[in-house]
Amino acid sequence: MSRVVVTGRIPDAAIEKLRAEHEVDAWTGPEAISREELLRRVAGADAIVSLLTERVDAELLDAAGPQLKVVANVAVGYDNIDVPACTERGIVATNTPGVLTEATADIAFGLILMATRRLGEGERLIRSGQPWKWGMFFLLGSSLQGKTLGIVGMGGIGQATARRAKAFGMDVVYQSRSGIDPKIAAELDAQRVDLDELLAVSDVVSLHCPYGPATHHLIGAEQLAAMKNSAFLVNTARGPIVDEDALAAALREGAIAGAGLDVYEHEPRVHPGLLELDNVALLPHLGSATVETRTAMAMLAADNALAVLSGEQPPAAIS
Ligand code: GLV
């Protein structure tokens, strides 16, 4: 029997699955676990099941001890994990790709609609109690049909967002470091372009790349200035891909028309300049937030941890 430390609340089904084979110590407090408590609890762990809110770095791995075999993140993004530090110590790091693809693409498209059709503004107006009535020029937005969606990062979530865009009558261009299966590109009728061209031709730019040193502030003042004044930026990937100071300035000055964000540079803090603006739709990191998806993510993380603990190849190893 091994010791599994779970760093936050996850669906019961996954805890039960882990508990059927191992001793499980799961943090169930109403607040996120404090760093101090986390460092204390991981001591002696053979597996850590982590949430994206916990930083898994050398200090934490060393606090766990040399018996630690696996860090199973309950997220597809793993910028919270120091993967080289895991590799150096012979620890397998895993994530949860695939199971949150559709849910996250739904939120990306939700934000595209919120931003282009001014849905948040409409909702805020009704709730404010201010008088309103239908008007020919009242809260006009922009149509999506015949417009171009530029997808930055064409993995599973980018492709799922592209499929939704096609159903809405949009054209799709994408930027991808590794390219995609030509059959899928043909099916989606999506053209591969470089980032400069994507920014210049897109009416909506949606970010779906992982976050790391190569994508830190990938979208800054220069990239925002390269977008059309009528264009929208949507981010459901990771906050620091966008320079929020530059985004707030671009939205304020009309360099772009609007934005939709599910993630933030200094999450959970939201840039005060964004909070003041009406032309940005703001969601609290809901990309994978459905009962079905979170359950599937937790089950996959449990499967990853269980596989490594029994000396098998996990379904979703990062390294
Ligand atoms: C959510 O943001 C994830 O990376 O799974």
# chains A, B, ... in the order shown; residues from 1 in each chain; ligands from 1

call {"tool": "residues_near_ligand", "arguments": {"ligand": "ligand 1", "cutoff": "9 Å", "atoms": "only C-alpha atoms and all ligand atoms", "output": "PyMOL selection string"}}
result
chain A and resi 51-52+73-79+95-97+100+104+210+236-238+263+285-289+297

call {"tool": "write_last_selection", "arguments": {"atoms": "N, CA and C atoms", "output": "compact mmCIF listing (two decimals), in the first residue's frame"}}
result
# COMPACT_ATOMS: atom_id res chain seq x y z
N LEU A 51 -3.63 19.89 -7.93
CA LEU A 51 -4.50 20.79 -8.69
C LEU A 51 -3.64 21.90 -9.29
N LEU A 52 -4.16 22.58 -10.29
CA LEU A 52 -3.36 23.61 -10.98
C LEU A 52 -3.04 24.81 -10.09
N ASN A 73 -1.25 15.63 -12.19
CA ASN A 73 -1.96 16.91 -12.18
C ASN A 73 -3.38 16.69 -12.67
N VAL A 74 -4.35 17.30 -11.99
CA VAL A 74 -5.74 17.21 -12.46
C VAL A 74 -6.00 18.42 -13.35
N ALA A 75 -5.34 18.44 -14.49
CA ALA A 75 -5.43 19.55 -15.45
C ALA A 75 -4.66 19.13 -16.69
N VAL A 76 -5.01 19.72 -17.81
CA VAL A 76 -4.21 19.46 -19.01
C VAL A 76 -2.96 20.35 -19.01
N GLY A 77 -3.13 21.61 -18.57
CA GLY A 77 -1.99 22.52 -18.46
C GLY A 77 -1.14 22.10 -17.28
N TYR A 78 0.17 22.21 -17.42
CA TYR A 78 1.03 21.77 -16.30
C TYR A 78 2.13 22.79 -16.03
N ASP A 79 1.84 24.06 -16.28
CA ASP A 79 2.82 25.10 -15.98
C ASP A 79 3.03 25.26 -14.48
N ASN A 95 -0.66 14.47 -16.81
CA ASN A 95 -1.73 15.47 -16.90
C ASN A 95 -3.00 14.81 -17.42
N THR A 96 -4.00 15.60 -17.80
CA THR A 96 -5.30 15.02 -18.20
C THR A 96 -5.74 15.54 -19.57
N PRO A 97 -5.00 15.22 -20.62
CA PRO A 97 -5.41 15.71 -21.94
C PRO A 97 -6.65 14.95 -22.44
N LEU A 100 -10.99 17.18 -21.36
CA LEU A 100 -11.59 18.51 -21.17
C LEU A 100 -11.63 19.32 -22.47
N THR A 104 -13.74 22.92 -22.77
CA THR A 104 -12.95 24.16 -22.87
C THR A 104 -13.26 24.89 -24.18
N PRO A 210 -0.05 26.01 -24.99
CA PRO A 210 0.36 25.88 -23.58
C PRO A 210 1.15 27.10 -23.13
N THR A 236 -8.56 31.31 -23.30
CA THR A 236 -9.00 30.25 -22.37
C THR A 236 -7.82 29.34 -22.03
N ALA A 237 -6.59 29.79 -22.36
CA ALA A 237 -5.41 28.92 -22.17
C ALA A 237 -4.77 29.21 -20.81
N ARG A 238 -3.86 30.16 -20.75
CA ARG A 238 -3.26 30.57 -19.48
C ARG A 238 -3.05 32.08 -19.54
N VAL A 263 -8.93 33.31 -18.10
CA VAL A 263 -7.70 33.12 -17.32
C VAL A 263 -6.97 34.45 -17.23
N HIS A 285 -12.11 31.35 -14.74
CA HIS A 285 -11.44 30.08 -15.09
C HIS A 285 -12.42 28.88 -15.05
N LEU A 286 -13.38 28.92 -15.97
CA LEU A 286 -14.43 27.89 -16.01
C LEU A 286 -14.24 26.86 -17.11
N GLY A 287 -13.10 26.93 -17.83
CA GLY A 287 -12.91 26.10 -19.03
C GLY A 287 -13.38 24.66 -18.89
N SER A 288 -12.96 23.99 -17.84
CA SER A 288 -13.30 22.57 -17.71
C SER A 288 -14.39 22.34 -16.67
N ALA A 289 -15.08 23.42 -16.28
CA ALA A 289 -15.96 23.33 -15.11
C ALA A 289 -17.34 22.75 -15.42
N MET A 297 -11.60 14.21 -15.52
CA MET A 297 -10.23 14.65 -15.24
C MET A 297 -9.68 13.98 -13.99

call {"tool": "select_by_dssp", "arguments": {"residues": "stretch 73-184 of chain A", "states": "strand (DSSP E)", "output": "list in words"}}
result
Asn73, Val92, Ala93, Thr94, Thr148, Leu149, Gly150, Ile151, Val152, Asp171, Val172, Val173, Tyr174 and Gln175 of chain A

call {"tool": "write_last_selection", "arguments": {"atoms": "N, CA, C and O atoms", "output": "PDB file, in the first residue's frame"}}
result
ATOM      1  N   ASN A  73      -1.246  15.627 -12.186  1.00  0.00           N
ATOM      2  CA  ASN A  73      -1.958  16.908 -12.176  1.00  0.00           C
ATOM      3  C   ASN A  73      -3.379  16.695 -12.672  1.00  0.00           C
ATOM      4  O   ASN A  73      -3.592  16.011 -13.682  1.00  0.00           O
ATOM      5  N   VAL A  92       7.606  10.608 -12.280  1.00  0.00           N
ATOM      6  CA  VAL A  92       6.795  10.756 -13.491  1.00  0.00           C
ATOM      7  C   VAL A  92       5.753  11.852 -13.247  1.00  0.00           C
ATOM      8  O   VAL A  92       5.088  11.864 -12.206  1.00  0.00           O
ATOM      9  N   ALA A  93       5.640  12.780 -14.185  1.00  0.00           N
ATOM     10  CA  ALA A  93       4.582  13.802 -14.105  1.00  0.00           C
ATOM     11  C   ALA A  93       3.530  13.466 -15.162  1.00  0.00           C
ATOM     12  O   ALA A  93       3.868  13.050 -16.269  1.00  0.00           O
ATOM     13  N   THR A  94       2.254  13.617 -14.784  1.00  0.00           N
ATOM     14  CA  THR A  94       1.176  13.299 -15.733  1.00  0.00           C
ATOM     15  C   THR A  94       0.151  14.426 -15.743  1.00  0.00           C
ATOM     16  O   THR A  94       0.086  15.232 -14.812  1.00  0.00           O
ATOM     17  N   THR A 148     -13.257  35.679 -39.877  1.00  0.00           N
ATOM     18  CA  THR A 148     -12.136  34.735 -39.737  1.00  0.00           C
ATOM     19  C   THR A 148     -11.748  34.570 -38.270  1.00  0.00           C
ATOM     20  O   THR A 148     -11.513  35.563 -37.566  1.00  0.00           O
ATOM     21  N   LEU A 149     -11.686  33.303 -37.860  1.00  0.00           N
ATOM     22  CA  LEU A 149     -11.179  32.985 -36.523  1.00  0.00           C
ATOM     23  C   LEU A 149      -9.722  32.554 -36.654  1.00  0.00           C
ATOM     24  O   LEU A 149      -9.405  31.659 -37.443  1.00  0.00           O
ATOM     25  N   GLY A 150      -8.846  33.167 -35.891  1.00  0.00           N
ATOM     26  CA  GLY A 150      -7.437  32.792 -35.871  1.00  0.00           C
ATOM     27  C   GLY A 150      -7.155  32.023 -34.586  1.00  0.00           C
ATOM     28  O   GLY A 150      -7.332  32.547 -33.487  1.00  0.00           O
ATOM     29  N   ILE A 151      -6.708  30.781 -34.747  1.00  0.00           N
ATOM     30  CA  ILE A 151      -6.471  29.935 -33.577  1.00  0.00           C
ATOM     31  C   ILE A 151      -4.971  29.811 -33.343  1.00  0.00           C
ATOM     32  O   ILE A 151      -4.232  29.361 -34.225  1.00  0.00           O
ATOM     33  N   VAL A 152      -4.541  30.213 -32.163  1.00  0.00           N
ATOM     34  CA  VAL A 152      -3.118  30.131 -31.821  1.00  0.00           C
ATOM     35  C   VAL A 152      -2.930  28.880 -30.964  1.00  0.00           C
ATOM     36  O   VAL A 152      -3.376  28.828 -29.821  1.00  0.00           O
ATOM     37  N   ASP A 171     -14.516  31.337 -41.244  1.00  0.00           N
ATOM     38  CA  ASP A 171     -13.308  30.769 -41.838  1.00  0.00           C
ATOM     39  C   ASP A 171     -12.291  30.612 -40.708  1.00  0.00           C
ATOM     40  O   ASP A 171     -12.314  31.387 -39.746  1.00  0.00           O
ATOM     41  N   VAL A 172     -11.393  29.647 -40.886  1.00  0.00           N
ATOM     42  CA  VAL A 172     -10.427  29.401 -39.806  1.00  0.00           C
ATOM     43  C   VAL A 172      -8.999  29.432 -40.337  1.00  0.00           C
ATOM     44  O   VAL A 172      -8.689  28.792 -41.353  1.00  0.00           O
ATOM     45  N   VAL A 173      -8.148  30.189 -39.662  1.00  0.00           N
ATOM     46  CA  VAL A 173      -6.705  30.091 -39.891  1.00  0.00           C
ATOM     47  C   VAL A 173      -6.088  29.696 -38.550  1.00  0.00           C
ATOM     48  O   VAL A 173      -6.691  29.900 -37.497  1.00  0.00           O
ATOM     49  N   TYR A 174      -4.912  29.081 -38.590  1.00  0.00           N
ATOM     50  CA  TYR A 174      -4.306  28.680 -37.317  1.00  0.00           C
ATOM     51  C   TYR A 174      -2.799  28.783 -37.390  1.00  0.00           C
ATOM     52  O   TYR A 174      -2.193  28.708 -38.469  1.00  0.00           O
ATOM     53  N   GLN A 175      -2.232  28.969 -36.201  1.00  0.00           N
ATOM     54  CA  GLN A 175      -0.782  28.961 -36.061  1.00  0.00           C
ATOM     55  C   GLN A 175      -0.446  27.782 -35.166  1.00  0.00           C
ATOM     56  O   GLN A 175      -1.118  27.546 -34.153  1.00  0.00           O
TER      57      GLN A 175
END

call {"tool": "residues_around", "arguments": {"residues": "stretch 115-123 of chain A", "least_positions_apart": "5", "cutoff": "9 Å", "atoms": "only C-alpha atoms", "output": "VMD selection string"}}
result
chain A and resid 110 128 139 to 144 204 231 to 234 257 to 260 278 to 282

call {"tool": "write_last_selection", "arguments": {"atoms": "N, CA, C and O atoms", "output": "PDB file, in the first residue's frame"}}
result
ATOM      1  N   GLY A 110     -18.168  30.342 -26.013  1.00  0.00           N
ATOM      2  CA  GLY A 110     -19.025  31.193 -25.182  1.00  0.00           C
ATOM      3  C   GLY A 110     -18.444  32.594 -25.063  1.00  0.00           C
ATOM      4  O   GLY A 110     -19.148  33.598 -25.200  1.00  0.00           O
ATOM      5  N   SER A 128     -28.867  46.058 -13.600  1.00  0.00           N
ATOM      6  CA  SER A 128     -28.667  47.373 -12.975  1.00  0.00           C
ATOM      7  C   SER A 128     -30.003  48.054 -12.689  1.00  0.00           C
ATOM      8  O   SER A 128     -30.068  49.026 -11.942  1.00  0.00           O
ATOM      9  N   LEU A 139     -27.173  48.311 -28.328  1.00  0.00           N
ATOM     10  CA  LEU A 139     -26.178  47.267 -28.014  1.00  0.00           C
ATOM     11  C   LEU A 139     -25.805  46.418 -29.224  1.00  0.00           C
ATOM     12  O   LEU A 139     -25.776  45.192 -29.147  1.00  0.00           O
ATOM     13  N   LEU A 140     -25.519  47.067 -30.327  1.00  0.00           N
ATOM     14  CA  LEU A 140     -25.153  46.306 -31.526  1.00  0.00           C
ATOM     15  C   LEU A 140     -23.770  45.687 -31.362  1.00  0.00           C
ATOM     16  O   LEU A 140     -22.830  46.343 -30.908  1.00  0.00           O
ATOM     17  N   GLY A 141     -23.671  44.440 -31.780  1.00  0.00           N
ATOM     18  CA  GLY A 141     -22.392  43.748 -31.758  1.00  0.00           C
ATOM     19  C   GLY A 141     -21.893  43.488 -33.161  1.00  0.00           C
ATOM     20  O   GLY A 141     -22.244  44.207 -34.097  1.00  0.00           O
ATOM     21  N   SER A 142     -21.065  42.436 -33.282  1.00  0.00           N
ATOM     22  CA  SER A 142     -20.529  42.075 -34.603  1.00  0.00           C
ATOM     23  C   SER A 142     -20.959  40.647 -34.918  1.00  0.00           C
ATOM     24  O   SER A 142     -20.878  39.774 -34.049  1.00  0.00           O
ATOM     25  N   SER A 143     -21.340  40.395 -36.167  1.00  0.00           N
ATOM     26  CA  SER A 143     -21.707  39.030 -36.592  1.00  0.00           C
ATOM     27  C   SER A 143     -20.447  38.192 -36.780  1.00  0.00           C
ATOM     28  O   SER A 143     -19.384  38.713 -37.118  1.00  0.00           O
ATOM     29  N   LEU A 144     -20.594  36.893 -36.616  1.00  0.00           N
ATOM     30  CA  LEU A 144     -19.460  35.982 -36.821  1.00  0.00           C
ATOM     31  C   LEU A 144     -19.431  35.408 -38.237  1.00  0.00           C
ATOM     32  O   LEU A 144     -18.365  35.034 -38.735  1.00  0.00           O
ATOM     33  N   VAL A 204     -11.397  37.357 -34.984  1.00  0.00           N
ATOM     34  CA  VAL A 204     -11.324  36.893 -33.597  1.00  0.00           C
ATOM     35  C   VAL A 204     -10.053  36.064 -33.482  1.00  0.00           C
ATOM     36  O   VAL A 204      -9.800  35.195 -34.325  1.00  0.00           O
ATOM     37  N   ALA A 231     -11.179  43.768 -34.240  1.00  0.00           N
ATOM     38  CA  ALA A 231     -11.012  42.355 -33.845  1.00  0.00           C
ATOM     39  C   ALA A 231     -11.158  42.142 -32.332  1.00  0.00           C
ATOM     40  O   ALA A 231     -11.087  43.086 -31.539  1.00  0.00           O
ATOM     41  N   PHE A 232     -11.321  40.861 -31.976  1.00  0.00           N
ATOM     42  CA  PHE A 232     -11.513  40.453 -30.584  1.00  0.00           C
ATOM     43  C   PHE A 232     -10.442  39.424 -30.210  1.00  0.00           C
ATOM     44  O   PHE A 232     -10.048  38.609 -31.045  1.00  0.00           O
ATOM     45  N   LEU A 233     -10.037  39.445 -28.944  1.00  0.00           N
ATOM     46  CA  LEU A 233      -9.064  38.462 -28.447  1.00  0.00           C
ATOM     47  C   LEU A 233      -9.739  37.614 -27.370  1.00  0.00           C
ATOM     48  O   LEU A 233     -10.396  38.160 -26.470  1.00  0.00           O
ATOM     49  N   VAL A 234      -9.569  36.293 -27.472  1.00  0.00           N
ATOM     50  CA  VAL A 234     -10.153  35.390 -26.469  1.00  0.00           C
ATOM     51  C   VAL A 234      -9.049  34.511 -25.891  1.00  0.00           C
ATOM     52  O   VAL A 234      -8.233  33.954 -26.634  1.00  0.00           O
ATOM     53  N   ALA A 257     -11.320  45.679 -30.657  1.00  0.00           N
ATOM     54  CA  ALA A 257     -12.710  46.006 -30.294  1.00  0.00           C
ATOM     55  C   ALA A 257     -13.127  45.424 -28.951  1.00  0.00           C
ATOM     56  O   ALA A 257     -13.945  46.022 -28.238  1.00  0.00           O
ATOM     57  N   GLY A 258     -12.574  44.255 -28.621  1.00  0.00           N
ATOM     58  CA  GLY A 258     -13.025  43.643 -27.374  1.00  0.00           C
ATOM     59  C   GLY A 258     -12.240  42.388 -27.073  1.00  0.00           C
ATOM     60  O   GLY A 258     -11.391  41.953 -27.857  1.00  0.00           O
ATOM     61  N   ALA A 259     -12.554  41.797 -25.913  1.00  0.00           N
ATOM     62  CA  ALA A 259     -11.845  40.579 -25.503  1.00  0.00           C
ATOM     63  C   ALA A 259     -12.742  39.737 -24.619  1.00  0.00           C
ATOM     64  O   ALA A 259     -13.745  40.225 -24.071  1.00  0.00           O
ATOM     65  N   GLY A 260     -12.377  38.467 -24.514  1.00  0.00           N
ATOM     66  CA  GLY A 260     -13.056  37.547 -23.603  1.00  0.00           C
ATOM     67  C   GLY A 260     -11.996  36.730 -22.905  1.00  0.00           C
ATOM     68  O   GLY A 260     -11.151  36.115 -23.553  1.00  0.00           O
ATOM     69  N   ASP A 278     -16.032  47.932 -20.355  1.00  0.00           N
ATOM     70  CA  ASP A 278     -17.219  47.187 -20.768  1.00  0.00           C
ATOM     71  C   ASP A 278     -16.938  46.237 -21.914  1.00  0.00           C
ATOM     72  O   ASP A 278     -17.696  45.291 -22.141  1.00  0.00           O
ATOM     73  N   ASN A 279     -15.863  46.508 -22.682  1.00  0.00           N
ATOM     74  CA  ASN A 279     -15.634  45.689 -23.878  1.00  0.00           C
ATOM     75  C   ASN A 279     -14.752  44.471 -23.614  1.00  0.00           C
ATOM     76  O   ASN A 279     -14.059  44.001 -24.499  1.00  0.00           O
ATOM     77  N   VAL A 280     -14.811  43.970 -22.383  1.00  0.00           N
ATOM     78  CA  VAL A 280     -14.118  42.705 -22.103  1.00  0.00           C
ATOM     79  C   VAL A 280     -15.042  41.836 -21.244  1.00  0.00           C
ATOM     80  O   VAL A 280     -15.596  42.291 -20.249  1.00  0.00           O
ATOM     81  N   ALA A 281     -15.231  40.585 -21.690  1.00  0.00           N
ATOM     82  CA  ALA A 281     -16.048  39.622 -20.930  1.00  0.00           C
ATOM     83  C   ALA A 281     -15.100  38.832 -20.041  1.00  0.00           C
ATOM     84  O   ALA A 281     -14.063  38.353 -20.509  1.00  0.00           O
ATOM     85  N   LEU A 282     -15.442  38.705 -18.769  1.00  0.00           N
ATOM     86  CA  LEU A 282     -14.536  38.104 -17.793  1.00  0.00           C
ATOM     87  C   LEU A 282     -15.190  36.902 -17.110  1.00  0.00           C
ATOM     88  O   LEU A 282     -16.260  37.035 -16.509  1.00  0.00           O
TER      89      LEU A 282
END

call {"tool": "residues_around", "arguments": {"residues": "A:Glu187", "least_positions_apart": "2", "cutoff": "12 Å", "atoms": "only C-alpha atoms", "output": "short mmCIF file (atom, residue, chain, number, x, y, z; two decimals) with N, CA, C and O atoms, in the first residue's frame"}}
result
data_model
loop_
_atom_site.label_atom_id
_atom_site.label_comp_id
_atom_site.auth_asym_id
_atom_site.auth_seq_id
_atom_site.Cartn_x
_atom_site.Cartn_y
_atom_site.Cartn_z
N GLN A 159 -8.57 22.64 -32.15
CA GLN A 159 -9.34 21.98 -33.22
C GLN A 159 -10.83 21.94 -32.88
O GLN A 159 -11.68 22.15 -33.75
N ALA A 162 -12.19 25.23 -33.56
CA ALA A 162 -12.32 25.41 -35.02
C ALA A 162 -13.60 24.76 -35.53
O ALA A 162 -14.30 25.32 -36.38
N ARG A 163 -13.93 23.57 -35.02
CA ARG A 163 -15.16 22.89 -35.46
C ARG A 163 -16.39 23.73 -35.13
O ARG A 163 -17.31 23.85 -35.93
N LYS A 166 -16.62 26.61 -37.58
CA LYS A 166 -17.15 26.21 -38.89
C LYS A 166 -18.67 26.16 -38.84
O LYS A 166 -19.36 26.60 -39.76
N VAL A 172 -11.39 29.65 -40.89
CA VAL A 172 -10.43 29.40 -39.81
C VAL A 172 -9.00 29.43 -40.34
O VAL A 172 -8.69 28.79 -41.35
N ILE A 180 -0.57 20.06 -37.86
CA ILE A 180 -1.58 19.07 -37.48
C ILE A 180 -1.75 18.09 -38.62
O ILE A 180 -1.29 18.32 -39.74
N ASP A 181 -2.41 17.00 -38.32
CA ASP A 181 -2.71 15.99 -39.31
C ASP A 181 -3.39 16.66 -40.53
O ASP A 181 -4.41 17.33 -40.37
N PRO A 182 -2.80 16.51 -41.73
CA PRO A 182 -3.36 17.19 -42.90
C PRO A 182 -4.82 16.82 -43.16
O PRO A 182 -5.59 17.65 -43.67
N LYS A 183 -5.20 15.59 -42.75
CA LYS A 183 -6.60 15.18 -42.94
C LYS A 183 -7.54 16.06 -42.10
O LYS A 183 -8.60 16.51 -42.56
N ILE A 184 -7.10 16.34 -40.87
CA ILE A 184 -7.93 17.18 -39.98
C ILE A 184 -7.97 18.61 -40.52
O ILE A 184 -9.03 19.24 -40.55
N ALA A 185 -6.81 19.10 -40.97
CA ALA A 185 -6.76 20.48 -41.51
C ALA A 185 -7.69 20.59 -42.71
O ALA A 185 -8.41 21.59 -42.87
N ASP A 189 -11.00 22.68 -43.14
CA ASP A 189 -10.75 23.69 -44.16
C ASP A 189 -10.01 24.87 -43.51
O ASP A 189 -10.37 26.04 -43.69
N ALA A 190 -8.98 24.53 -42.72
CA ALA A 190 -8.25 25.55 -41.96
C ALA A 190 -6.86 25.76 -42.56
O ALA A 190 -6.16 24.79 -42.86
N GLN A 191 -6.49 27.01 -42.71
CA GLN A 191 -5.20 27.34 -43.32
C GLN A 191 -4.17 27.62 -42.23
O GLN A 191 -4.42 28.41 -41.33
#

call {"tool": "residues_around", "arguments": {"residues": "A:Arg19", "least_positions_apart": "3", "cutoff": "12 Å", "atoms": "only C-alpha atoms", "output": "list in words"}}
result
Met1, Ser2, Arg3, Val4, Val5, Val6, Asp12, Ala13, Ala14, Ile15, Glu16, His22, Glu23, Val24, Asp25, Ala26, Ala302, Ala305 and Leu306 of chain A

call {"tool": "residues_around", "arguments": {"residues": "A:Gly239", "least_positions_apart": "4", "cutoff": "8 Å", "atoms": "only C-alpha atoms", "output": "PDB file with N, CA, C and O atoms, in the first residue's frame"}}
result
ATOM      1  N   ASN A 235      -9.028  34.399 -24.560  1.00  0.00           N
ATOM      2  CA  ASN A 235      -8.001  33.571 -23.918  1.00  0.00           C
ATOM      3  C   ASN A 235      -8.632  32.591 -22.927  1.00  0.00           C
ATOM      4  O   ASN A 235      -9.174  32.994 -21.904  1.00  0.00           O
ATOM      5  N   VAL A 263      -8.934  33.312 -18.103  1.00  0.00           N
ATOM      6  CA  VAL A 263      -7.704  33.116 -17.322  1.00  0.00           C
ATOM      7  C   VAL A 263      -6.969  34.450 -17.228  1.00  0.00           C
ATOM      8  O   VAL A 263      -7.145  35.319 -18.088  1.00  0.00           O
ATOM      9  N   TYR A 264      -6.142  34.601 -16.201  1.00  0.00           N
ATOM     10  CA  TYR A 264      -5.562  35.901 -15.875  1.00  0.00           C
ATOM     11  C   TYR A 264      -4.075  35.783 -15.586  1.00  0.00           C
ATOM     12  O   TYR A 264      -3.616  34.746 -15.094  1.00  0.00           O
ATOM     13  N   GLU A 265      -3.390  36.885 -15.857  1.00  0.00           N
ATOM     14  CA  GLU A 265      -1.936  36.874 -15.695  1.00  0.00           C
ATOM     15  C   GLU A 265      -1.550  36.599 -14.239  1.00  0.00           C
ATOM     16  O   GLU A 265      -0.597  35.867 -13.989  1.00  0.00           O
ATOM     17  N   HIS A 266      -2.273  37.201 -13.312  1.00  0.00           N
ATOM     18  CA  HIS A 266      -1.945  36.993 -11.888  1.00  0.00           C
ATOM     19  C   HIS A 266      -3.160  36.389 -11.184  1.00  0.00           C
ATOM     20  O   HIS A 266      -3.626  36.916 -10.179  1.00  0.00           O
ATOM     21  N   GLU A 267      -3.656  35.317 -11.735  1.00  0.00           N
ATOM     22  CA  GLU A 267      -4.860  34.665 -11.243  1.00  0.00           C
ATOM     23  C   GLU A 267      -4.739  34.310  -9.763  1.00  0.00           C
ATOM     24  O   GLU A 267      -3.673  33.828  -9.365  1.00  0.00           O
TER      25      GLU A 267
END

call {"tool": "closest_residue", "arguments": {"among": "A:Leu207, A:Leu198, A:Ala43, A:Ile81", "to": "A:Gln67", "atoms": "only C-alpha atoms"}}
result
A:Ala43

call {"tool": "closest_residue", "arguments": {"among": "A:Val71, A:Ala85, A:Leu60, A:Cys209", "to": "A:Ile157", "atoms": "only C-alpha atoms"}}
result
A:Cys209

call {"tool": "atom_distance", "arguments": {"atom1": "atom CA of A:Ile10", "atom2": "atom CA of A:Thr295"}}
result
7.9 Å

call {"tool": "select_by_dssp", "arguments": {"residues": "stretch 125-303 of chain A", "states": "helix (DSSP H, G or I)", "output": "PyMOL selection string"}}
result
chain A and resi 125-128+156-167+182-188+195-201+213-215+221-226+239-241+244-253+272-275+291-303

call {"tool": "atom_distance", "arguments": {"atom1": "atom CA of A:Leu261", "atom2": "atom CA of A:Asp203"}}
result
16.2 Å

call {"tool": "atom_distance", "arguments": {"atom1": "atom CA of A:Gly212", "atom2": "atom CA of A:Ile241"}}
result
8.3 Å

call {"tool": "residues_around", "arguments": {"residues": "stretch 223-230 of chain A", "least_positions_apart": "6", "cutoff": "7 Å", "atoms": "only C-alpha atoms", "output": "NGL selection string"}}
result
:A and (199-200 or 203 or 250 or 254-257)

call {"tool": "write_last_selection", "arguments": {"atoms": "C-alpha atoms", "output": "CSV table (one decimal), in the first residue's frame"}}
result
chain,number,residue,atom,x,y,z
A,199,LEU,CA,-3.0,38.6,-36.2
A,200,ALA,CA,-3.4,40.7,-39.4
A,203,ASP,CA,-11.6,39.0,-36.7
A,250,ALA,CA,-5.5,48.3,-26.3
A,254,GLY,CA,-9.7,51.0,-29.2
A,255,ALA,CA,-6.7,49.3,-30.7
A,256,ILE,CA,-8.9,46.2,-30.7
A,257,ALA,CA,-12.7,46.0,-30.3

call {"tool": "closest_residue", "arguments": {"among": "A:Lys17, A:Arg124, A:Arg9, A:Arg294", "to": "A:Thr101", "atoms": "only C-alpha atoms"}}
result
A:Arg294

call {"tool": "decode", "arguments": {"residues": "stretch 257-280 of chain A", "atoms": "C-alpha atoms", "output": "PDB file, in the first residue's frame"}}
result
ATOM      1  CA  ALA A 257     -12.710  46.006 -30.294  1.00  0.00           C
ATOM      2  CA  GLY A 258     -13.025  43.643 -27.374  1.00  0.00           C
ATOM      3  CA  ALA A 259     -11.845  40.579 -25.503  1.00  0.00           C
ATOM      4  CA  GLY A 260     -13.056  37.547 -23.603  1.00  0.00           C
ATOM      5  CA  LEU A 261     -10.940  36.081 -20.818  1.00  0.00           C
ATOM      6  CA  ASP A 262     -11.251  32.945 -18.705  1.00  0.00           C
ATOM      7  CA  VAL A 263      -7.704  33.116 -17.322  1.00  0.00           C
ATOM      8  CA  TYR A 264      -5.562  35.901 -15.875  1.00  0.00           C
ATOM      9  CA  GLU A 265      -1.936  36.874 -15.695  1.00  0.00           C
ATOM     10  CA  HIS A 266      -1.945  36.993 -11.888  1.00  0.00           C
ATOM     11  CA  GLU A 267      -4.860  34.665 -11.243  1.00  0.00           C
ATOM     12  CA  PRO A 268      -7.122  34.945  -9.297  1.00  0.00           C
ATOM     13  CA  ARG A 269      -6.372  38.703  -9.337  1.00  0.00           C
ATOM     14  CA  VAL A 270      -7.891  40.481 -12.319  1.00  0.00           C
ATOM     15  CA  HIS A 271      -6.105  43.535 -13.723  1.00  0.00           C
ATOM     16  CA  PRO A 272      -7.972  46.588 -12.363  1.00  0.00           C
ATOM     17  CA  GLY A 273      -7.785  48.221 -15.797  1.00  0.00           C
ATOM     18  CA  LEU A 274      -9.827  45.335 -17.235  1.00  0.00           C
ATOM     19  CA  LEU A 275     -12.476  45.536 -14.523  1.00  0.00           C
ATOM     20  CA  GLU A 276     -13.248  49.126 -15.548  1.00  0.00           C
ATOM     21  CA  LEU A 277     -13.943  48.256 -19.173  1.00  0.00           C
ATOM     22  CA  ASP A 278     -17.219  47.187 -20.768  1.00  0.00           C
ATOM     23  CA  ASN A 279     -15.634  45.689 -23.878  1.00  0.00           C
ATOM     24  CA  VAL A 280     -14.118  42.705 -22.103  1.00  0.00           C
TER      25      VAL A 280
END
